[in-house]
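Below: one structure, written as structure tokens.
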Amino acid sequence: MNKLMTATDVVAQLRDGMTIGFGGWGPRRKPMAIVREILRSDLKDLTVVAYGGPEVGMLCAAGKVKKLIFGFATLDAIPLEPWYRKVRESGALELLELDEGMWQWGLRAAGMRVPFLPTRCGLATDVTKLNPELKTITSPYDDGEVLLAMPALKLDVALVHVNAADQLGNTLITGGDPYFDHLVARAADACYVSAERVEERFALTAAEARFNTFERYLVKGVVHAPCGAHPTACDPEYGWDMAHLKRYVASAAEDGGWQAYMDEFVTAGEAAYQDKNGGVERMGKLPLPVF
Amino acid sequence: MNKLMTATDVVAQLRDGMTIGFGGWGPRRKPMAIVREILRSDLKDLTVVAYGGPEVGMLCAAGKVKKLIFGFATLDAIPLEPWYRKVRESGALELLELDEGMWQWGLRAAGMRVPFLPTRCGLATDVTKLNPELKTITSPYDDGEVLLAMPALKLDVALVHVNAADQLGNTLITGGDPYFDHLVARAADACYVSAERVEERFALTAAEARFNTFERYLVKGVVHAPCGAHPTACDPEYGWDMAHLKRYVASAAEDGGWQAYMDEFVTAGEAAYQDKNGGVERMGKLPLPVF
Amino acid sequence: MSDKVEFSLAELMIVAASEAWRGDGEVLASGIGVIPRLGASLAKLTHGPGLLMTDSECFLVEDPIPLGPRGDFVPKYSGSMNFERVFECVWGGQRHAMIGPTQIDRYGQTNLSVIGDYKKPKAAILGVRGLPGNSINHINSFIVPSHSKRVFVEGEVDMVSGVGYNPARWEPGMRQDFMAIRHIVTDLCVMDFEGPEHAIRVRSLHPGVSFDEVQEKTGFPLLKAPNLGETPHPTAAQLTLIRRLDPHDLRAAQLKGNPPGMRAAA
Amino acid sequence: MSDKVEFSLAELMIVAASEAWRGDGEVLASGIGVIPRLGASLAKLTHGPGLLMTDSECFLVEDPIPLGPRGDFVPKYSGSMNFERVFECVWGGQRHAMIGPTQIDRYGQTNLSVIGDYKKPKAAILGVRGLPGNSINHINSFIVPSHSKRVFVEGEVDMVSGVGYNPARWEPGMRQDFMAIRHIVTDLCVMDFEGPEHAIRVRSLHPGVSFDEVQEKTGFPLLKAPNLGETPHPTAAQLTLIRRLDPHDLRAAQLKGNPPGMRAAA
């Protein structure tokens with residue numbers, strides 16, 4: 001069994017109209033190498049499910065997003081994601097805007113194969129008012145509490161960037177925070193991971209095995225992608241690339257800025273992308289942000 | 001802030017009729033030093049919530065259990081817990097016998113302060129037939145699936161044995177499996193932990209901090225209890241004490257066997273208990289079981 | 001011409017057990033108990049390399065761990081599978097467990113809790129354990145070391161812990177489509193639920209065992225699978241693997257008297 | 001006789017912010033943004049040693065971490081608080097967060113999502129983030145660096161992201177008893193919700209600020225707290241702690257022009 005494939009192979013599995021979930025959080029450990037491959041493709045009408053960072057912005061800029069299922073889009077140190085903002089303000093997006101807790105709870109419901117999980121997050125806000133398809137449910141017990149039935153958020157595909165993987169699809173997330181990638185992976189029919197390092201077969205100690213957060217049977221493909229989260233951070237390997245993010249942010253204020261960004265960074269492929277960013281020597285040494 | 005106290009102090013907080021949840025799993029990492037202190041007390045009419053091991057058997061033997069909320073009672077390598085068995089067969093126990101998944105799901109509901117969480121575990125079995133207070137709930141979405149609404153399992157007290165704690169109530173569970181202690185702790189009004197080692201104040205590296213699985217604000221008391229899980233195992237410190245477990249098991253087949261066990265091991269206090277078991281020198285070196 | 005190899009009944013059952021996981025692809029194979037664990041391990045080493053398996057504690061391994069003491073040998077792991085993670089596998093459905101219930105009925109419902117009256121039982125066993133959740137969420141198989149009417153009961157099992165194909169238990173709206181019972185391996189035969197409306201069929205008889213003997217020791221009518229034949233004998237290659245997986249011969253203690261696979265003439 | 005210490009308006013607001021957590025005991029104090037984070041850190045170092053606090057990434061610390069670059073200094077931790085764990089704190093209710101919403105209305109409802117029409121907004125901001133879940137599950141306070149009618153809007157906020165005390169939003173059966181809004185700290189004053197039916201009251205005015213100015217810059221009627229006085233000035237001790245917590249003076253960049261705490265005469 002060998003799940004190794006290229007980012008091109010991954011994107012060849014995707015179809016217009018698919019619902020795609022992304023791991024990571026904002027400018028942290030996003031599968032950007034695969035995102036760039038999507039940007040190079042003709043894919044369109046995607047439903048994007050994410051704790052959004054530049055993957056959301058870029059896919060919106062490229063006109064590939066029909067619907068966004070999200071709690072936010074941000075670049076953190078740059079709070080406002082500029083291309084999300086631009087496309088959001090154009091009225092072009094369908095939206096299911098959810099509390100962060102609702103978002104992960106819906107993914108958990110999908111992974112557990114239950115139709116909903118109850119929460120009170122979202123009640124008494126415009127989340128429920130704007131999304132009448134979200135139903136309430138009443139506790140069958142004496143308390144009779146009215147809760148929100150967060151529906152399962154089923155994904156066609158999950159895209160996740162990890163620190164290490166093997167050819168069987170075992171993965172390790174070694175940074176301080178695993179975020180919610182395990183829930184994203186379990187909610188999908190197929191999870192594709194990109195990894196800083198790929199081994200043939202893991203032979204882990206007990207201490208190392210703890211970094212495995214989801215099951216290999218979820219993983220249909222493994223892409224070797226050193227610096228594959230750039231320009232997002234990949235704890236503990238490298239931090240985000242503030243210089244590149246600023247360049248990307250500036251593109252939203254320029255006429256033809258997105259095409260210029262695509263021409264400069266994306267269209268010529270990942271190797272050229274790395275060259276343009278100082279190569280993995282520079283990209284792999286970007287300092288981790290300090291808070 | 002200093003939460004350090006003795007097992008006697010912990011038991012002084014308990015009241016007849018309380019609902020007490022136990023961490024661990026079967027013969028693994030049970031807070032037995034605190035259990036022995038309960039055995040020395042007059043407490044009665046307890047509702048015990050556990051993935052049961054000898055704590056369930058001993059509390060049943062002592063006549064202290066009114067109701068058992070459980071999925072099993074076992075000593076693993078000795079499959080049948082003898083005192084659970086004896087008391088179970090006497091008809092003396094009220095029961096809420098749950099699927100293992102329902103049990104943890106009910107604790108999670110309590111910790112999240114929702115009245116229930118849906119599951120299909122338990123449907124079409126005698127769990128639902130025997131416990132008509134467990135209600136079903138229908139998905140408000142088009143699927144209309146009928147699920148079981150697992151009610152929140154609220155605890156008065158959680159008792160958990162951990163590897164290390166500090167005086168603020170921060171805890172570390174360093175064994176391979178943290179079991180479900182974090183859910184037990186969160187479901188309770190008050191969690192008391194016993195720990196192999198207690199420091200004044202943790203100063204952990206990132207790698208060490210990962211062993212902290214639940215929040216100190218849940219912890220009302222910390223007991224320094226080296227070998228405090230004996231005769232259960234405490235990975236990675238020591239394994240279960242098969243010789244002692246066999247002695248305990250034999251007590252269920254003897255006339256007056258429980259009183260004899262109490263007289264021999266429990267009544268004279270924890271220091272005497274340790275002497276009877278070869279001291280912490282022997283107890284702390286019991287080999288970990290191999291499977 | 002086939003090799004004439006000697007094998008115990010336990011070894012025949014291990015090989016029969018391993019067949020349960022054939023074709024499952026990447027699922028967590030949970031063989032609970034010596035024969036099921038060896039069956040799952042054998043499956044992983046032969047027809048099912050994609051199976052996920054643990055070290056029986058909390059780590060995943062690609063090389064099944066031999067049973068029993070192993071000196072200083074420390075295995076290498078491929079991932080994590082602590083108890084909390086096992087539930088994710090259960091609820092996600094990607095698991096096939098083989099367990100040894102105390103009672104099984106014609107519907108495949110199982111009991112691990114009590115024998116006799118629920119409130120004041122004749123014998124308390126373990127409790128429902130994970131049977132309700134496992135049985136409704138993923139594939140299951142059963143191991144029965146001693147095939148008798150005490151196991152294969154006449155009516156329903158005394159306490160339904162694990163779901164089965166009993167229509168009376170399934171109310172409208174409940175999803176029955178995630179459950180599946182694959183095989184039952186006993187010391188007499190292998191059975192499945194592939195009869196009409198999931199009726200139990202005997203699919204193979206162990207050497208020297210007749211269908212009538214099996215029926216006699218079963219509390220409900222059994223069907224014969226159309227191609228009912230003899231349970232395949234372990235091959236030399238399979239026995240080599242079994243010996244490597246069970247160096248301390250724990251399999252010899254699983255069946256009373258550790259009978260040979262080929263029954264002595266009466 | 002009090003020490004005559006000089007302090008910036010940002011420093012006054014940091015001290016005011018720290019008061020929000022007074023008496024909370026052991027809750028996770030989440031100060032989002034420079035002034036709230038310094039306020040929470042100051043609270044932990046003074047009246048609230050029991051507060052839980054992170055390093056702003058995923059670990060708990062007992063010594064609040066100074067802001068900004070810290071050379072080779074590697075903090076020591078007291079526990080783990082990754083994002084998944086934060087939700088356990090939120091849903092369990094043991095948290096008090098101070099955030100900076102884009103809009104706040106008289107009910108304490110907050111908006112962080114969009115300004116203007118939801119479908120085609122005038123300005124997209126961040127999204128609802130964790131506001132719906134935080135606001136209904138635990139105590140919250142707000143920071144407003146620039147008190148104006150653009151923040152304190154006349155009607156309801158444009159997109160209700162965080163719940164408040166608006167009876168029209170709460171339907172029968174919904175639990176409102178886990179929410180509580182404690183303080184709003186602005187560049188003009190400190191407010192609370194302790195008026196009748198949770199009406200907003202001004203509880204202190206910053207030096208040189210009049211109630212009328214505050215009312216003028218607010219889109220709804222405000223009450224005066226009975227003991228309305230001047231926002232306490234930072235003490236020398238508090239300023240020492242603040243300087244230690246913010247060695248790179250990030251607080252100086254929080255308010256336009258970094259005005260002094262004592263307003264210059266007009």
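Note on naming: chains are A, B, ... as they come in the structure tokens, residues start from 1 per chain, ligands start from 1 in the order shown.
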
Worksheet entry | For B:Leu95: contacts at 7 Å, only C-alpha atoms, fewer than 6 positions along chain excluded, given as an NGL selection string | :B and (67-69)

For the residues selected in the previous step, produce a file with C-alpha atoms as a CSV table (one decimal), in the first residue's frame.
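Output contents, as saved in out.csv:
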chain,number,residue,atom,x,y,z
B,67,LYS,CA,-26.6,2.6,42.5
B,68,LEU,CA,-24.0,1.7,39.9
B,69,ILE,CA,-23.7,3.7,36.6

Fill in: Contact residues (chain D, partner chain B, 7 Å, only C-alpha atoms) as a list in words
Glu26, Val27, Lys76, Tyr77, Ser78, Gly79, Ser80, Trp91 and Gly92 of chain D

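For stretch 137-139 of chain D, the list of residues within 7 Å, based on only C-alpha atoms and with local chain neighbours fewer than 3 positions off taken out, reads Val90, Trp91, Gly93, Gln94, Arg95, His96, Ala97, Gly133, Asn134, Phe178, Met179, Ala180, Ile181 and Arg182 of chain D.
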
Which residues, written as an mmCIF file with C-alpha atoms, in the first residue's frame, have at least one atom at most 8 Å from B:Met102, with only C-alpha atoms counted and residues fewer than 6 positions away on the same chain left out?
data_model
loop_
_atom_site.group_PDB
_atom_site.id
_atom_site.type_symbol
_atom_site.label_atom_id
_atom_site.label_comp_id
_atom_site.auth_asym_id
_atom_site.auth_seq_id
_atom_site.Cartn_x
_atom_site.Cartn_y
_atom_site.Cartn_z
ATOM 1 C CA THR B 119 -25.997 8.669 20.014
ATOM 2 C CA CYS B 121 -25.364 3.377 20.943
ATOM 3 C CA GLY B 122 -27.901 1.526 23.103
ATOM 4 C CA MET B 150 -27.898 10.191 26.384
ATOM 5 C CA GLY C 133 -22.208 0.771 20.500
#

Discussion item. Within 12 Å of chain B, which residues belong to chain A? Use only C-alpha atoms and report them as a PyMOL selection string.
Written reply: chain A and resi 101+105+109+112-121+132-152+174-178+205-211+236

Response to the item:
Computed gap from atom CA of D:Gly48 to atom CA of D:Asp24 is 7.5 Å
